[in-house]
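Source file: my_file20.cif (mmCIF, C-alpha atoms)
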data_my_file
#
loop_
_atom_site.label_atom_id
_atom_site.label_comp_id
_atom_site.auth_asym_id
_atom_site.auth_seq_id
_atom_site.Cartn_x
_atom_site.Cartn_y
_atom_site.Cartn_z
CA MET A 26 0.76 -7.99 34.84
CA SER A 27 -2.27 -5.95 35.85
CA THR A 28 -0.28 -2.72 35.37
CA PHE A 29 0.75 -3.85 31.91
CA LYS A 30 -2.86 -4.61 30.93
CA THR A 31 -4.08 -1.34 32.39
CA ALA A 32 -1.57 0.60 30.33
CA LEU A 33 -2.62 -1.24 27.16
CA ARG A 34 -6.29 -0.55 27.87
CA MET A 35 -5.52 3.17 28.14
CA ALA A 36 -4.16 3.16 24.60
CA LEU A 37 -7.01 1.04 23.27
CA ALA A 38 -9.51 3.39 24.91
CA HIS A 39 -8.70 5.84 22.09
CA PRO A 40 -9.19 3.70 18.96
CA LEU A 41 -9.87 6.73 16.79
CA TYR A 42 -6.32 7.98 17.25
CA LEU A 43 -4.88 4.62 16.23
CA LEU A 44 -7.21 4.44 13.24
CA ILE A 45 -6.43 7.93 11.97
CA TYR A 46 -2.73 8.25 12.77
CA THR A 47 -1.68 4.67 12.02
CA VAL A 48 -4.09 3.25 9.44
CA PHE A 49 -5.41 6.28 7.58
CA ILE A 50 -2.09 8.15 7.26
CA SER A 51 -0.30 4.95 6.25
CA LEU A 52 -2.99 4.37 3.64
CA MET A 53 -2.38 7.90 2.36
CA GLY A 54 1.28 6.99 2.05
CA VAL A 55 0.37 3.96 -0.08
CA PHE A 56 -1.67 6.09 -2.48
CA ILE A 57 0.99 8.82 -2.63
CA ALA A 58 3.79 6.35 -3.35
CA ALA A 59 1.66 4.56 -5.94
CA SER A 60 0.77 7.80 -7.71
CA VAL A 61 4.35 9.02 -8.06
CA SER A 62 5.66 8.41 -11.56
CA TRP A 63 9.36 7.69 -11.51
CA ASN A 64 9.67 7.04 -15.25
CA SER A 65 10.77 10.23 -16.98
CA SER A 66 11.48 8.56 -20.34
CA GLN A 67 8.07 9.55 -21.69
CA LEU A 68 8.99 13.25 -21.65
CA THR A 69 11.29 13.75 -24.63
CA GLU A 70 10.36 17.23 -25.84
CA TYR A 71 9.78 20.49 -24.01
CA LYS A 72 6.45 22.13 -24.77
CA PRO A 73 5.62 25.53 -23.25
CA TYR A 74 2.36 25.88 -21.36
CA ASP A 75 -0.38 27.12 -23.68
CA ALA A 76 -3.25 29.54 -23.15
CA ASN A 77 -6.14 30.95 -25.16
CA VAL A 78 -6.13 34.75 -25.32
CA ILE A 79 -8.24 37.45 -26.91
CA VAL A 80 -6.77 40.85 -27.80
CA VAL A 81 -9.12 43.81 -28.21
CA ASP A 82 -6.97 46.41 -30.00
CA ARG A 83 -8.47 49.89 -29.71
CA ASP A 84 -5.21 51.66 -30.42
CA ASP A 85 -4.35 50.18 -33.85
CA SER A 86 -0.74 51.29 -33.59
CA ASP A 87 2.60 49.69 -34.40
CA LEU A 88 3.10 48.73 -30.76
CA SER A 89 -0.40 47.29 -30.32
CA ARG A 90 -0.02 45.23 -33.50
CA ALA A 91 3.41 44.03 -32.34
CA LEU A 92 1.91 43.04 -28.98
CA THR A 93 -0.93 41.15 -30.67
CA LYS A 94 1.51 39.38 -32.98
CA HIS A 95 3.78 38.42 -30.09
CA LEU A 96 0.95 37.01 -28.00
CA GLY A 97 -0.26 35.09 -31.04
CA SER A 98 3.18 33.54 -31.53
CA ARG A 99 3.38 32.44 -27.90
CA PHE A 100 -0.25 31.48 -27.19
CA GLU A 101 -3.39 30.53 -29.06
CA LEU A 102 -4.94 33.76 -30.29
CA VAL A 103 -8.73 33.46 -30.36
CA THR A 104 -10.31 35.36 -33.24
CA GLY A 105 -13.82 35.82 -34.51
CA ILE A 106 -15.08 37.11 -31.15
CA GLY A 107 -16.62 40.55 -31.15
CA ASP A 108 -15.51 43.18 -28.66
CA ASP A 109 -18.98 43.31 -27.19
CA THR A 110 -18.99 42.74 -23.43
CA TYR A 111 -21.51 39.90 -23.69
CA ASP A 112 -19.45 38.05 -26.35
CA LEU A 113 -16.24 38.40 -24.38
CA ALA A 114 -17.87 37.22 -21.16
CA GLY A 115 -19.23 34.20 -23.00
CA ALA A 116 -15.76 33.28 -24.27
CA LEU A 117 -14.27 33.57 -20.77
CA SER A 118 -17.00 31.40 -19.24
CA LYS A 119 -16.50 28.48 -21.65
CA SER A 120 -14.45 25.45 -20.71
CA ASN A 121 -10.96 25.13 -22.19
CA SER A 122 -12.04 22.38 -24.57
CA ALA A 123 -14.92 24.41 -26.04
CA LYS A 124 -14.48 26.23 -29.33
CA GLY A 125 -13.98 29.98 -28.89
CA SER A 126 -13.00 29.68 -25.21
CA ALA A 127 -10.50 32.09 -23.72
CA ASP A 128 -8.41 32.23 -20.55
CA CYS A 129 -8.09 36.01 -20.59
CA VAL A 130 -8.89 39.12 -22.61
CA PHE A 131 -6.40 41.95 -23.20
CA PHE A 132 -7.77 45.43 -23.82
CA ILE A 133 -5.30 47.79 -25.52
CA PRO A 134 -6.73 51.28 -24.95
CA GLU A 135 -6.64 54.06 -27.50
CA GLY A 136 -3.44 56.11 -27.31
CA PHE A 137 -1.55 53.30 -25.58
CA GLU A 138 1.54 53.53 -27.81
CA SER A 139 1.95 57.28 -27.48
CA ASP A 140 1.35 57.15 -23.71
CA LEU A 141 3.95 54.42 -23.28
CA VAL A 142 6.63 56.17 -25.31
CA ALA A 143 6.02 59.47 -23.51
CA ALA A 144 6.07 57.83 -20.07
CA ALA A 145 9.25 55.87 -20.80
CA ARG A 146 11.13 58.95 -22.01
CA ALA A 147 9.89 61.01 -19.09
CA GLY A 148 11.00 58.36 -16.58
CA GLU A 149 7.45 57.75 -15.40
CA SER A 150 5.57 54.51 -14.77
CA LEU A 151 4.53 52.71 -17.94
CA PRO A 152 0.80 52.39 -18.69
CA LYS A 153 -0.75 48.99 -18.09
CA LEU A 154 -3.17 46.94 -20.10
CA ASP A 155 -6.65 46.14 -18.89
CA VAL A 156 -6.79 42.36 -18.46
CA THR A 157 -9.81 40.23 -17.60
CA TYR A 158 -9.21 36.68 -16.37
CA GLY A 159 -11.38 33.67 -17.07
CA ALA A 160 -11.55 30.34 -15.24
CA GLY A 161 -7.95 29.40 -16.11
CA THR A 162 -6.26 31.83 -13.79
CA MET A 163 -2.80 30.23 -14.05
CA ALA A 164 -2.86 30.34 -17.85
CA ALA A 165 -4.16 33.91 -17.74
CA ALA A 166 -1.43 34.99 -15.33
CA LEU A 167 1.20 33.43 -17.59
CA SER A 168 -0.06 35.24 -20.69
CA SER A 169 -0.40 38.47 -18.72
CA ALA A 170 3.24 38.20 -17.63
CA GLU A 171 4.23 37.69 -21.27
CA ALA A 172 2.39 40.86 -22.31
CA SER A 173 4.00 42.82 -19.47
CA ARG A 174 7.40 41.61 -20.63
CA LEU A 175 6.96 43.05 -24.11
CA ILE A 176 5.61 46.31 -22.71
CA SER A 177 8.66 46.62 -20.44
CA LEU A 178 10.97 45.94 -23.38
CA ALA A 179 9.16 48.59 -25.42
CA GLY A 180 9.57 51.07 -22.59
CA ALA A 181 13.28 50.28 -22.36
CA ALA A 182 13.69 50.69 -26.12
CA ALA A 183 11.90 54.05 -26.08
CA ALA A 184 14.01 55.32 -23.18
CA LEU A 185 17.32 54.15 -24.64
CA GLU A 186 16.64 55.55 -28.12
CA PRO A 187 14.99 58.98 -27.63
CA ALA A 188 15.03 59.69 -31.38
CA ALA A 189 13.50 56.37 -32.43
CA SER A 190 10.06 56.37 -33.98
CA SER A 191 7.16 54.45 -32.50
CA GLY A 192 7.52 51.85 -35.24
CA ASP A 193 11.21 51.34 -34.42
CA VAL A 194 10.37 50.98 -30.72
CA ALA A 195 7.76 48.33 -31.54
CA LYS A 196 10.20 46.42 -33.76
CA ALA A 197 12.96 46.53 -31.13
CA ALA A 198 10.61 45.27 -28.42
CA GLU A 199 9.26 42.51 -30.65
CA HIS A 200 12.79 41.41 -31.59
CA ALA A 201 13.95 41.34 -27.96
CA ALA A 202 10.82 39.50 -26.78
CA ALA A 203 11.37 36.77 -29.38
CA LYS A 204 14.61 35.72 -27.69
CA ARG A 205 14.19 32.91 -25.22
CA ALA A 206 16.35 30.67 -23.12
CA GLU A 207 17.17 27.28 -24.58
CA VAL A 208 15.42 24.45 -22.73
CA GLN A 209 16.67 20.87 -22.65
CA ILE A 210 15.20 17.76 -21.11
CA GLU A 211 17.52 16.12 -18.60
CA GLN A 212 16.66 12.44 -18.41
CA VAL A 213 16.90 11.13 -14.86
CA LYS A 214 17.86 7.50 -14.66
CA VAL A 215 16.31 5.52 -11.84
CA ASP A 216 17.96 2.19 -11.07
CA SER A 217 14.74 0.63 -9.86
CA THR A 218 11.21 1.91 -9.99
CA ALA A 219 10.30 -0.59 -7.27
CA ALA A 220 13.04 0.73 -4.97
CA ALA A 221 11.96 4.32 -5.58
CA THR A 222 8.33 3.45 -4.80
CA LEU A 223 9.22 1.69 -1.55
CA GLU A 224 11.55 4.52 -0.54
CA SER A 225 8.77 7.03 -1.13
CA TYR A 226 6.37 5.05 1.05
CA PHE A 227 8.80 4.49 3.92
CA ASN A 228 9.79 8.16 3.91
CA PHE A 229 6.18 9.31 4.12
CA GLY A 230 5.26 6.47 6.49
CA ALA A 231 7.51 8.06 9.09
CA TYR A 232 4.75 10.64 9.57
CA ALA A 233 2.29 7.91 10.60
CA ILE A 234 4.77 6.29 12.98
CA ILE A 235 5.89 9.52 14.64
CA SER A 236 2.45 11.03 15.18
CA SER A 237 0.77 7.78 16.21
CA VAL A 238 3.45 6.71 18.68
CA ILE A 239 3.73 10.14 20.32
CA VAL A 240 -0.03 10.40 20.86
CA SER A 241 -0.70 6.78 21.88
CA VAL A 242 2.36 6.33 24.09
CA GLY A 243 1.98 9.80 25.57
CA LEU A 244 -1.61 9.00 26.57
CA VAL A 245 -0.42 5.84 28.32
CA PHE A 246 2.35 7.55 30.28
CA SER A 247 0.27 10.59 31.19
CA GLY A 248 -2.69 8.41 32.19
CA MET A 249 -0.56 6.24 34.44
CA ASN A 250 0.91 9.37 36.04
CA GLU A 251 -2.51 10.67 37.07
CA PRO A 252 -2.59 11.21 40.86
CA GLU A 253 -5.57 8.85 41.24
CA HIS A 254 -3.77 6.03 39.44
CA VAL A 255 -0.57 6.67 41.33
CA ARG A 256 -2.36 6.51 44.72
CA ARG A 257 -4.16 3.33 43.70
CA MET A 258 -0.95 1.63 42.57
CA ASP A 259 0.97 2.78 45.64
CA ALA A 260 -1.64 1.06 47.78
CA GLY A 261 -1.02 -2.25 45.96
CA PRO A 262 1.69 -4.86 46.62
CA ILE A 263 3.61 -4.23 43.36
CA PRO A 264 6.85 -2.28 43.83
CA GLY A 265 7.22 1.03 42.04
CA ARG A 266 10.13 -0.14 39.87
CA GLN A 267 8.16 -3.12 38.66
CA ARG A 268 5.17 -0.92 37.83
CA SER A 269 7.39 1.44 35.81
CA LEU A 270 8.86 -1.46 33.87
CA ALA A 271 5.37 -2.75 33.12
CA VAL A 272 4.29 0.65 31.81
CA PHE A 273 7.39 0.89 29.64
CA ALA A 274 6.78 -2.63 28.36
CA ALA A 275 3.22 -1.67 27.40
CA ALA A 276 4.46 1.47 25.65
CA ALA A 277 7.06 -0.59 23.78
CA VAL A 278 4.41 -3.11 22.68
CA ILE A 279 2.19 -0.27 21.41
CA THR A 280 5.15 1.20 19.50
CA VAL A 281 5.99 -2.14 17.91
CA CYS A 282 2.35 -2.71 16.92
CA ILE A 283 2.14 0.71 15.28
CA TRP A 284 5.41 0.07 13.44
CA VAL A 285 4.21 -3.35 12.26
CA VAL A 286 0.86 -2.05 10.98
CA SER A 287 2.42 0.91 9.17
CA SER A 288 5.24 -1.20 7.69
CA MET A 289 3.02 -4.08 6.62
CA MET A 290 0.64 -1.75 4.80
CA GLY A 291 3.54 -0.73 2.61
CA VAL A 292 4.91 -4.26 2.23
CA VAL A 293 1.52 -5.70 1.32
CA GLY A 294 0.52 -2.75 -0.83
CA PHE A 295 3.73 -2.99 -2.83
CA ALA A 296 4.31 -6.74 -2.69
CA GLY A 297 5.56 -6.76 -6.27
CA ALA A 298 8.11 -4.07 -5.49
CA VAL A 299 9.27 -6.00 -2.42
CA ALA A 300 9.81 -9.11 -4.54
CA GLU A 301 11.78 -7.12 -7.12
CA VAL A 302 13.98 -5.30 -4.63
CA GLY A 303 14.59 -8.31 -2.43
CA VAL A 304 13.50 -9.26 1.07
CA GLY A 305 16.91 -8.59 2.58
CA ARG A 306 17.01 -4.99 1.35
CA VAL A 307 13.45 -4.35 2.52
CA CYS A 308 14.27 -5.78 5.94
CA LEU A 309 17.14 -3.31 6.25
CA ALA A 310 14.76 -0.48 5.38
CA LEU A 311 12.27 -1.75 7.95
CA ALA A 312 15.04 -1.85 10.55
CA ALA A 313 15.62 1.83 9.86
CA THR A 314 11.94 2.66 10.38
CA PHE A 315 11.98 0.64 13.61
CA ALA A 316 14.96 2.65 14.85
CA LEU A 317 12.99 5.78 14.04
CA ALA A 318 10.02 4.53 16.11
CA CYS A 319 12.20 4.69 19.22
CA THR A 320 12.38 8.50 18.96
CA PRO A 321 8.60 9.21 19.23
CA LEU A 322 8.49 6.65 22.07
CA ALA A 323 11.06 8.74 23.93
CA VAL A 324 9.24 11.97 22.99
CA GLY A 325 5.94 10.63 24.34
CA PHE A 326 7.64 9.73 27.62
CA ALA A 327 9.35 13.13 27.89
CA LEU A 328 6.07 14.98 27.22
CA SER A 329 4.26 12.96 29.87
CA SER A 330 7.03 13.84 32.32
CA LEU A 331 6.17 17.48 31.65
CA GLY A 332 2.53 16.80 32.43
CA ALA A 333 1.28 16.97 28.82
CA ARG A 334 -2.34 16.02 28.26
CA GLU A 335 -4.33 14.80 25.30
CA GLU A 336 -4.63 18.12 23.45
CA LEU A 337 -0.92 18.92 23.71
CA LEU A 338 0.06 15.40 22.69
CA ASN A 339 -2.09 15.68 19.56
CA GLY A 340 -0.58 19.01 18.63
CA VAL A 341 3.01 17.97 19.23
CA GLY A 342 2.49 14.64 17.46
CA ASN A 343 1.19 16.29 14.32
CA LEU A 344 3.70 19.13 14.37
CA LEU A 345 6.73 16.92 14.91
CA GLY A 346 5.44 14.38 12.39
CA MET A 347 5.15 16.99 9.64
CA LEU A 348 8.34 18.84 10.59
CA MET A 349 10.53 15.75 10.86
CA THR A 350 9.28 14.18 7.64
CA PHE A 351 9.75 17.50 5.85
CA LEU A 352 13.33 17.85 7.08
CA GLY A 353 13.88 14.20 6.22
CA GLY A 354 13.08 14.90 2.58
CA ALA A 355 9.73 13.11 2.40
CA TRP A 356 7.76 16.09 1.07
CA MET A 357 10.39 17.35 -1.35
CA PRO A 358 14.08 16.52 -1.96
CA LEU A 359 16.50 18.28 0.35
CA SER A 360 18.63 19.11 -2.69
CA LEU A 361 15.96 21.64 -3.71
CA MET A 362 16.14 23.44 -0.36
CA GLY A 363 18.53 26.06 0.90
CA SER A 364 21.77 25.34 2.68
CA ALA A 365 20.29 26.43 6.01
CA VAL A 366 17.48 23.87 5.77
CA GLN A 367 19.93 21.16 4.72
CA THR A 368 22.07 21.93 7.75
CA VAL A 369 19.12 21.84 10.15
CA ALA A 370 17.97 18.54 8.62
CA HIS A 371 21.03 16.81 10.08
CA PHE A 372 19.63 17.44 13.56
CA VAL A 373 16.49 15.34 13.10
CA PRO A 374 16.45 11.51 13.05
CA THR A 375 14.39 11.28 9.86
CA PHE A 376 17.33 12.60 7.83
CA TRP A 377 19.50 9.69 8.93
CA VAL A 378 16.68 7.17 8.60
CA ASN A 379 15.83 8.23 5.06
CA ASP A 380 19.51 8.14 4.16
CA ALA A 381 19.70 4.56 5.45
CA ILE A 382 16.52 3.58 3.58
CA GLY A 383 17.81 5.03 0.32
CA LYS A 384 21.12 3.17 0.61
CA ALA A 385 19.45 -0.09 1.63
CA LEU A 386 17.05 -0.09 -1.30
CA ALA A 387 19.09 1.46 -4.10
CA SER A 388 22.72 0.51 -3.50
CA ASP A 389 24.76 -2.62 -3.74
CA LEU A 390 25.06 -3.92 -0.21
CA THR A 391 28.82 -3.78 0.09
CA SER A 392 30.61 -3.67 3.42
CA ALA A 393 31.03 0.11 3.04
CA VAL A 394 27.31 0.63 2.40
CA LEU A 395 26.37 -1.60 5.33
CA GLY A 396 28.73 0.42 7.50
CA ASP A 397 27.05 3.65 6.42
CA ILE A 398 23.62 2.19 7.18
CA ALA A 399 24.78 1.03 10.61
CA CYS A 400 26.12 4.53 11.29
CA ASP A 401 22.78 6.07 10.26
CA LEU A 402 20.86 3.72 12.54
CA GLY A 403 23.24 4.40 15.40
CA VAL A 404 22.73 8.15 15.10
CA THR A 405 18.96 7.61 14.95
CA VAL A 406 18.97 5.56 18.15
CA LEU A 407 21.12 8.17 19.87
CA PHE A 408 18.36 10.73 19.29
CA ALA A 409 15.95 8.46 21.17
CA VAL A 410 18.46 7.84 23.98
CA ALA A 411 19.08 11.57 24.45
CA ILE A 412 15.37 12.42 24.55
CA ALA A 413 14.63 9.51 26.89
CA ALA A 414 17.42 10.62 29.23
CA ALA A 415 15.89 14.08 29.35
CA GLY A 416 12.52 12.50 30.11
CA PHE A 417 13.98 10.45 32.96
CA ALA A 418 15.61 13.56 34.41
CA LEU A 419 12.30 15.44 34.25
CA ALA A 420 10.41 12.54 35.83
CA ARG A 421 12.97 12.25 38.64
CA ALA A 422 12.88 15.97 39.35
CA LYS A 423 9.07 15.90 39.37
CA SER A 424 8.95 12.96 41.79
CA ARG A 425 11.34 14.69 44.19
CA ALA A 426 9.28 17.87 44.08
#

Go ahead and render the structure in this file as structure tokens.
Amino acid sequence: MSTFKTALRMALAHPLYLLIYTVFISLMGVFIAASVSWNSSQLTEYKPYDANVIVVDRDDSDLSRALTKHLGSRFELVTGIGDDTYDLAGALSKSNSAKGSADCVFFIPEGFESDLVAAARAGESLPKLDVTYGAGTMAAALSSAEASRLISLAGAAAALEPAASSGDVAKAAEHAAAKRAEVQIEQVKVDSTAAATLESYFNFGAYAIISSVIVSVGLVFSGMNEPEHVRRMDAGPIPGRQRSLAVFAAAAVITVCIWVVSSMMGVVGFAGAVAEVGVGRVCLALAATFALACTPLAVGFALSSLGAREELLNGVGNLLGMLMTFLGGAWMPLSLMGSAVQTVAHFVPTFWVNDAIGKALASDLTSAVLGDIACDLGVTVLFAVAIAAAGFALARAKSRA
């Protein structure tokens, strides 16, 4: 019993780790899941991103007028601003909501049209516009890319039609730039907003469980393996096997406590969602997160068998927490990733846990679905068993040495 209490005190001697990894990260998960909007019905019409642009035309040619017209058709063309440096700087410095504000200014230099046509037909690099960005750098970059597109089309038209006049080149470029891909809104139907919210929290909550358990449990195992503690315990009447079981029991209690705190923050924070989804479904999802907690427990033990200390445990806990949740699809759907990433994801327990959580919360609990969930949980536990076996082998080899 004294060994068990000593092991617990080692974990409680680092309350900041428990507060940050368990409470704070879980709280972040609550806010992230609450802020995710799963209702896409509000978006019924595609609207391109807008920007306010100023064009200072010093060439006054067919191409420069075509460029100004094209930018005006795609973005909000700000007029009434002089080409004085002070006036332009004032427009760029204004906020987007202010009258006369601009995200960027395009300067079309004198002789731009003739230089572009000559460069295109000579196979040389096309001249570029002088562009000055304001505070809205993303909007400015978008409008700048649009201007570069028309310039490239004009260069292609000039090169393909050597006998075409400058006016014909400008018209061809303007006509080609007006063509755009058709955009449609694909409405995504979500069976339950509550289920999607809970799934989002449990997926992200894996980060809190993994990092917190690895650090806290690793500190317990490494602390109890310190030579001073080992000599002190060897001098006592408690057999070595009983001491090891007590340490493992303490580590298991710490793991369960971390899992309970992280899970309850989601259950309490989304009590309405839990009531809508159903207690039975949520309990299945919680069982999946508990199966996941066994893996960082085994990792903490394996790291301590390698002699890992506090700094290494912190680094590994954070790294594995982020990596495993990423490969599990918590940060972004795996369907948006490459085939190589999707293949690698099958070799981390979070993939199987998140698959079980998704089926438990969003599917009808038929015998086939329950069988799939049981398979996912079995694979998850096997990860923990394999890592724990490696830890035992390392600990045995270290004791013999």

Name the residues in contact with A:Ile239 at a cut-off of 6 Å, using only C-alpha atoms, excluding same-chain residues fewer than 2 positions from it; report them as a PyMOL selection string.
chain A and resi 236-237+241-243+321+325+342

Might you pull out every residue within 9 Å of A:Ala165, with all atoms listed in the file counted and same-chain residues fewer than 3 positions away left off, and present them as a VMD selection string?
chain A and resid 76 to 78 127 to 130 156 to 162 168 to 170

Apply the PyMOL selection byres ((chain A and resi 38-49) around 7) to the structure shown and report the selected residues as a PyMOL selection string.
chain A and resi 34-37+50-53+233-234+236-237+283+287

Using only C-alpha atoms, which residue out of A:Ala409, A:Leu167, A:Leu102, A:Ile79 lies closest to A:Ala323?
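Once distances to A:Ala323 are computed over only C-alpha atoms, the minimum belongs to A:Ala409.
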
Pull out every residue that the PyMOL selection byres ((chain A and resi 295) around 12) matches in the shown coordinates and put them as a PDB file with C-alpha atoms, in the frame of the given file.
ATOM      1  CA  LEU A  52      -2.990   4.370   3.640  1.00  0.00           C
ATOM      2  CA  GLY A  54       1.280   6.990   2.050  1.00  0.00           C
ATOM      3  CA  VAL A  55       0.370   3.960  -0.080  1.00  0.00           C
ATOM      4  CA  PHE A  56      -1.670   6.090  -2.480  1.00  0.00           C
ATOM      5  CA  ALA A  58       3.790   6.350  -3.350  1.00  0.00           C
ATOM      6  CA  ALA A  59       1.660   4.560  -5.940  1.00  0.00           C
ATOM      7  CA  THR A 218      11.210   1.910  -9.990  1.00  0.00           C
ATOM      8  CA  ALA A 219      10.300  -0.590  -7.270  1.00  0.00           C
ATOM      9  CA  ALA A 220      13.040   0.730  -4.970  1.00  0.00           C
ATOM     10  CA  ALA A 221      11.960   4.320  -5.580  1.00  0.00           C
ATOM     11  CA  THR A 222       8.330   3.450  -4.800  1.00  0.00           C
ATOM     12  CA  LEU A 223       9.220   1.690  -1.550  1.00  0.00           C
ATOM     13  CA  GLU A 224      11.550   4.520  -0.540  1.00  0.00           C
ATOM     14  CA  SER A 225       8.770   7.030  -1.130  1.00  0.00           C
ATOM     15  CA  TYR A 226       6.370   5.050   1.050  1.00  0.00           C
ATOM     16  CA  PHE A 227       8.800   4.490   3.920  1.00  0.00           C
ATOM     17  CA  SER A 288       5.240  -1.200   7.690  1.00  0.00           C
ATOM     18  CA  MET A 289       3.020  -4.080   6.620  1.00  0.00           C
ATOM     19  CA  MET A 290       0.640  -1.750   4.800  1.00  0.00           C
ATOM     20  CA  GLY A 291       3.540  -0.730   2.610  1.00  0.00           C
ATOM     21  CA  VAL A 292       4.910  -4.260   2.230  1.00  0.00           C
ATOM     22  CA  VAL A 293       1.520  -5.700   1.320  1.00  0.00           C
ATOM     23  CA  GLY A 294       0.520  -2.750  -0.830  1.00  0.00           C
ATOM     24  CA  ALA A 296       4.310  -6.740  -2.690  1.00  0.00           C
ATOM     25  CA  GLY A 297       5.560  -6.760  -6.270  1.00  0.00           C
ATOM     26  CA  ALA A 298       8.110  -4.070  -5.490  1.00  0.00           C
ATOM     27  CA  VAL A 299       9.270  -6.000  -2.420  1.00  0.00           C
ATOM     28  CA  ALA A 300       9.810  -9.110  -4.540  1.00  0.00           C
ATOM     29  CA  GLU A 301      11.780  -7.120  -7.120  1.00  0.00           C
ATOM     30  CA  VAL A 302      13.980  -5.300  -4.630  1.00  0.00           C
ATOM     31  CA  VAL A 307      13.450  -4.350   2.520  1.00  0.00           C
TER      32      VAL A 307
END

When the PyMOL selection byres ((chain A and resi 99) around 9) is applied to the structure above, which residues does it catch, written out as a PyMOL selection string?
chain A and resi 73+75-76+94-98+100-102+168+171

Residues at most 12 Å from A:Ala147, counting all atoms listed in the file, excluding those fewer than 6 positions away in the same chain, as a ChimeraX atom specification?
/A:140-141,180-181,183-185,187

Just give me the gap between atom CA of A:Thr280 and atom CA of A:Cys400 in Å, one decimal is fine.
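Calculated distance between atom CA of A:Thr280 and atom CA of A:Cys400 is 22.8 Å.
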
Expressed in Å to a single decimal, how great is the separation between atom CA of A:Lys204 and atom CA of A:Ser89?
19.1 Å

State, in Å with one decimal place, the distance from atom CA of A:Ala310 to atom CA of A:Ile382.
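Computing the Euclidean distance for atom CA of A:Ala310 and atom CA of A:Ile382 yields 4.8 Å.
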
Test item: residues at most 7 Å from stretch 326-337 of chain A, all atoms listed in the file, excluding those fewer than 4 positions along its chain, as an MDAnalysis selection string:
chainID A and resid 243:244 246:247 322 341 412:413 415:416 419:420

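The shortest atom-to-atom distance to A:Lys72, with only C-alpha atoms taken into account, belongs to A:Val208 out of A:Val208, A:Val324, A:Leu402, A:Cys308.
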
Which residue out of A:Met249, A:Met357, A:Leu345, A:Asp401 has the minimum interatomic distance to A:Ala312 when only C-alpha atoms are used?
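For A:Ala312, the nearest of the given residues is A:Asp401.
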
List as a list of chain:residue names the protein and nucleic acid residues near A:Phe132, meaning an atom at most 7 Å away when all atoms listed in the file are counted, but skip any in the same chain fewer than 2 places from it.
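Final neighbour list, sorted by chain and number: A:Val80, A:Val81, A:Asp82, A:Val130, A:Pro134, A:Leu154, A:Asp155, A:Val156.
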
Using only C-alpha atoms, the residue out of A:Leu395, A:Ala231, A:Ala145, A:Ala202 with shortest distance to A:Leu352 is A:Ala231
